[in-house]
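Here the structure comes first, spelled out in structure tokens, and everything after it is commentary.
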Amino acid sequence: MITVQAFGGPTALFEYGGLRLLTDPTFDEPRSYVSPSGTTLTRLAPPKAGPETLGRVDVVLLSHDQHADNLDDSGRALLAEVPLTLTTVSGAGRLGGTARGLTPWESFSVSDVTITGVPARHGPEGCEPITGDVTGFVLTGAGLPTVYVSGDNASLDVVGEIAGRFGPVDTAVLFAGAVRTGLFDGALLTLDSEQAAEAARILGAKQIVLVHFDSWAHFTEGHDPLVTAFTKAGLIDRVQLG
């Protein structure tokens, strides 16, 4: 078990192997943004705390940089203060600075922790030219639990592939929310609640931390549908909701 502090949206802070790691930093106040595809994304609620409350951050695990609900203006400013940001290869090229890209299944060691980039698909098959590349992460180390951070992933096949290599995992940090926009005729861009529960089952996760289900208008399933789905799956006793 690890202790995870959630800030709303996809942003969470946890300690692992002596490192302090932050997922997809989003700390702006409510406002709207236009994504590269032309879609408007609207933040509805402020973060639960500001970046000044974080303390030391050693590594940012950034699923992708293209969308403000995963990296907003405050998050971009924070990256300049962090020793290392791990993200997609294309994202590292756009961000520069301390960003390092990971290809799928590529590992990078920080102290005694191994961080492996794993696949994620931000929409239906073939979505990448529009929604862009996304990565998840698996963290491992001698004597440490296995932690999976999904990033924005809508594919249970991808989850199965990751489980085949790393499962069962001890902690799964799952980006949920059943994200839908006008893209792809409203197809899911992240897992819906029932799929998130199925992902946790596939992974054999002992601890399930759900993020990326609140604070934004295009997140179509929040707290209550997640409780219903994980209760139905018999997994609610393992769940932390944000």
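Every chain in the structure tokens has a letter given in the order shown (A, B, ...), and although residue numbers restart at 1 in each chain, ligands are simply numbered from 1 in the order shown.
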Quiz item: Any idea what's packed within 8 Å of segment 15-20 of chain A, counting only C-alpha atoms, ignoring anything in its chain fewer than 6 positions away? Could you give it as a PyMOL selection string?
Solution: chain A and resi 2-4+56-59+112-113+141+144
Quiz item: If you run DSSP on the backbone, which residues of segment 50-158 of chain A are helix (DSSP H, G or I), as a list in words?
Solution: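 Answer for segment 50-158 of chain A, restricted to helix (DSSP H, G or I): Pro51, Glu52, Thr53, Asp73, Ser74, Gly75, Arg76, Ala77, Leu78, Leu79, Val89, Ser90, Gly91, Ala92, Gly93, Arg94, Leu95, Glu128, Pro129, Ile130, Thr131, Leu156, Asp157 and Val158 of chain A.
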Could you please take those selected residues and save N, CA and C atoms as an mmCIF file, in the first residue's frame?
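Saved to selection_8.cif:
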```cif
data_model
loop_
_atom_site.group_PDB
_atom_site.id
_atom_site.type_symbol
_atom_site.label_atom_id
_atom_site.label_comp_id
_atom_site.auth_asym_id
_atom_site.auth_seq_id
_atom_site.Cartn_x
_atom_site.Cartn_y
_atom_site.Cartn_z
ATOM 1 N N PRO A 51 0.031 24.287 -5.855
ATOM 2 C CA PRO A 51 1.351 23.672 -5.993
ATOM 3 C C PRO A 51 2.310 24.045 -4.874
ATOM 4 N N GLU A 52 2.048 25.153 -4.209
ATOM 5 C CA GLU A 52 2.918 25.565 -3.097
ATOM 6 C C GLU A 52 2.829 24.627 -1.908
ATOM 7 N N THR A 53 1.828 23.758 -1.876
ATOM 8 C CA THR A 53 1.662 22.816 -0.762
ATOM 9 C C THR A 53 2.373 21.490 -0.997
ATOM 10 N N ASP A 73 -1.490 25.512 -17.340
ATOM 11 C CA ASP A 73 -0.456 26.547 -17.274
ATOM 12 C C ASP A 73 0.351 26.468 -15.981
ATOM 13 N N SER A 74 -0.340 26.277 -14.860
ATOM 14 C CA SER A 74 0.364 26.149 -13.581
ATOM 15 C C SER A 74 1.251 24.902 -13.565
ATOM 16 N N GLY A 75 0.754 23.822 -14.173
ATOM 17 C CA GLY A 75 1.540 22.597 -14.260
ATOM 18 C C GLY A 75 2.792 22.787 -15.078
ATOM 19 N N ARG A 76 2.685 23.505 -16.195
ATOM 20 C CA ARG A 76 3.862 23.766 -17.023
ATOM 21 C C ARG A 76 4.900 24.579 -16.253
ATOM 22 N N ALA A 77 4.445 25.551 -15.491
ATOM 23 C CA ALA A 77 5.384 26.344 -14.684
ATOM 24 C C ALA A 77 6.082 25.471 -13.651
ATOM 25 N N LEU A 78 5.352 24.514 -13.091
ATOM 26 C CA LEU A 78 5.924 23.626 -12.086
ATOM 27 C C LEU A 78 7.020 22.745 -12.665
ATOM 28 N N LEU A 79 6.880 22.317 -13.916
ATOM 29 C CA LEU A 79 7.871 21.427 -14.516
ATOM 30 C C LEU A 79 9.271 22.026 -14.486
ATOM 31 N N VAL A 89 7.797 10.416 -25.879
ATOM 32 C CA VAL A 89 8.951 10.933 -26.621
ATOM 33 C C VAL A 89 8.596 12.239 -27.321
ATOM 34 N N SER A 90 7.424 12.293 -27.947
ATOM 35 C CA SER A 90 7.019 13.521 -28.625
ATOM 36 C C SER A 90 6.804 14.656 -27.630
ATOM 37 N N GLY A 91 6.237 14.318 -26.461
ATOM 38 C CA GLY A 91 6.029 15.336 -25.441
ATOM 39 C C GLY A 91 7.328 15.900 -24.902
ATOM 40 N N ALA A 92 8.314 15.043 -24.700
ATOM 41 C CA ALA A 92 9.611 15.514 -24.224
ATOM 42 C C ALA A 92 10.238 16.468 -25.232
ATOM 43 N N GLY A 93 10.042 16.186 -26.528
ATOM 44 C CA GLY A 93 10.556 17.084 -27.547
ATOM 45 C C GLY A 93 9.890 18.446 -27.511
ATOM 46 N N ARG A 94 8.602 18.479 -27.218
ATOM 47 C CA ARG A 94 7.901 19.766 -27.137
ATOM 48 C C ARG A 94 8.253 20.524 -25.871
ATOM 49 N N LEU A 95 8.410 19.795 -24.765
ATOM 50 C CA LEU A 95 8.620 20.446 -23.475
ATOM 51 C C LEU A 95 10.056 20.890 -23.263
ATOM 52 N N GLU A 128 -4.590 8.194 -32.475
ATOM 53 C CA GLU A 128 -3.367 8.952 -32.168
ATOM 54 C C GLU A 128 -3.154 10.207 -33.021
ATOM 55 N N PRO A 129 -3.457 10.213 -34.326
ATOM 56 C CA PRO A 129 -3.238 11.448 -35.080
ATOM 57 C C PRO A 129 -4.046 12.637 -34.558
ATOM 58 N N ILE A 130 -5.130 12.362 -33.839
ATOM 59 C CA ILE A 130 -5.977 13.449 -33.331
ATOM 60 C C ILE A 130 -5.740 13.695 -31.845
ATOM 61 N N THR A 131 -5.762 12.644 -31.028
ATOM 62 C CA THR A 131 -5.598 12.840 -29.582
ATOM 63 C C THR A 131 -4.139 12.807 -29.147
ATOM 64 N N LEU A 156 -9.088 -1.640 -22.667
ATOM 65 C CA LEU A 156 -8.870 -2.774 -21.769
ATOM 66 C C LEU A 156 -7.876 -3.767 -22.358
ATOM 67 N N ASP A 157 -7.751 -3.821 -23.675
ATOM 68 C CA ASP A 157 -6.729 -4.667 -24.280
ATOM 69 C C ASP A 157 -5.334 -4.214 -23.844
ATOM 70 N N VAL A 158 -5.128 -2.916 -23.795
ATOM 71 C CA VAL A 158 -3.857 -2.370 -23.316
ATOM 72 C C VAL A 158 -3.619 -2.777 -21.866
#
```
Exercise. For Ala172 of chain A, list every protein, DNA or RNA residue within 10 Å, evaluated using only C-alpha atoms, and leave out those in the same chain fewer than 3 positions away; present the list as a PyMOL selection string.
Key: chain A and resi 138+146-150+168-169+175+199-200+203-210+239
Exercise. Compile the contact shell of Leu189 of chain A as a PyMOL selection string: residues with an atom at most 9 Å away, counting only C-alpha atoms, same-chain residues fewer than 4 positions apart removed.
Key: chain A and resi 121-124+131+152-155+178-181+183
Exercise. Compare A:Ser109, A:Thr88, A:Thr135, A:Thr190 by their minimum atom-to-atom distance to His212 of chain A, counting only C-alpha atoms, and give me the closest one.
Key: A:Thr190
Practice problem: Rank nothing, just name the residue among A:Gly97, A:Gly160, A:Gly136, A:Gly55 nearest to Ile115 of chain A, using only C-alpha atoms. | Solution: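 Under the stated criterion, the closest residue is A:Gly136.
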Quiz prompt | Spatial neighbours of Arg31 of chain A, max dist 12 Å, only C-alpha atoms, sep filter under 6 positions, as a list in words | solution =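 Counting only C-alpha atoms, the residues come to Thr40, Leu41, Thr42, Arg43, Leu44, Ala45, Pro46, Ala68, Asp69, Asp72, Asp73, Ser215, Trp216 and Ala217 of chain A.
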Exercise. Pick out the residues sitting within 8 Å of Thr85 of chain A, and hand them over as number ranges by chain; count only C-alpha atoms, and ignore anything fewer than 2 positions along from it in its own chain.
Key: A: 59-62, 79, 82-83, 87, 98-100
Saved selection, atoms kept: N, CA and C atoms, as a PDB file, in the first residue's frame:
```pdb
ATOM      1  N   VAL A  59      10.032  13.642  -9.266  1.00  0.00           N
ATOM      2  CA  VAL A  59       9.705  13.205 -10.620  1.00  0.00           C
ATOM      3  C   VAL A  59       8.245  13.532 -10.908  1.00  0.00           C
ATOM      4  N   VAL A  60       7.998  14.090 -12.075  1.00  0.00           N
ATOM      5  CA  VAL A  60       6.633  14.202 -12.590  1.00  0.00           C
ATOM      6  C   VAL A  60       6.410  13.081 -13.598  1.00  0.00           C
ATOM      7  N   LEU A  61       5.330  12.339 -13.413  1.00  0.00           N
ATOM      8  CA  LEU A  61       4.897  11.318 -14.364  1.00  0.00           C
ATOM      9  C   LEU A  61       3.787  11.934 -15.204  1.00  0.00           C
ATOM     10  N   LEU A  62       4.123  12.354 -16.405  1.00  0.00           N
ATOM     11  CA  LEU A  62       3.197  13.111 -17.256  1.00  0.00           C
ATOM     12  C   LEU A  62       2.713  12.229 -18.399  1.00  0.00           C
ATOM     13  N   LEU A  79       6.880  22.317 -13.916  1.00  0.00           N
ATOM     14  CA  LEU A  79       7.871  21.427 -14.516  1.00  0.00           C
ATOM     15  C   LEU A  79       9.271  22.026 -14.486  1.00  0.00           C
ATOM     16  N   VAL A  82      11.136  21.004 -11.318  1.00  0.00           N
ATOM     17  CA  VAL A  82      11.250  19.584 -10.989  1.00  0.00           C
ATOM     18  C   VAL A  82      12.463  18.988 -11.699  1.00  0.00           C
ATOM     19  N   PRO A  83      13.274  18.169 -10.988  1.00  0.00           N
ATOM     20  CA  PRO A  83      14.483  17.629 -11.613  1.00  0.00           C
ATOM     21  C   PRO A  83      14.245  16.751 -12.828  1.00  0.00           C
ATOM     22  N   THR A  87       7.706  11.361 -19.729  1.00  0.00           N
ATOM     23  CA  THR A  87       6.516  11.525 -20.551  1.00  0.00           C
ATOM     24  C   THR A  87       6.720  10.796 -21.869  1.00  0.00           C
ATOM     25  N   THR A  98      13.884  19.504 -18.476  1.00  0.00           N
ATOM     26  CA  THR A  98      14.246  18.248 -17.812  1.00  0.00           C
ATOM     27  C   THR A  98      13.351  17.079 -18.235  1.00  0.00           C
ATOM     28  N   ALA A  99      12.549  17.264 -19.280  1.00  0.00           N
ATOM     29  CA  ALA A  99      11.646  16.202 -19.727  1.00  0.00           C
ATOM     30  C   ALA A  99      12.429  15.118 -20.477  1.00  0.00           C
ATOM     31  N   ARG A 100      12.085  13.869 -20.186  1.00  0.00           N
ATOM     32  CA  ARG A 100      12.689  12.722 -20.876  1.00  0.00           C
ATOM     33  C   ARG A 100      11.576  11.825 -21.375  1.00  0.00           C
TER      34      ARG A 100
END
```
Quiz prompt | Test item: residues at most 9 Å from Leu235 of chain A, only C-alpha atoms, excluding those fewer than 2 positions along its chain, as a list in words | solution =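 Counting only the stated atoms, we get Ala197, Ala200, Arg201, Ile208, Ala229, Phe230, Thr231, Lys232, Ala233, Asp237, Arg238 and Val239 of chain A.
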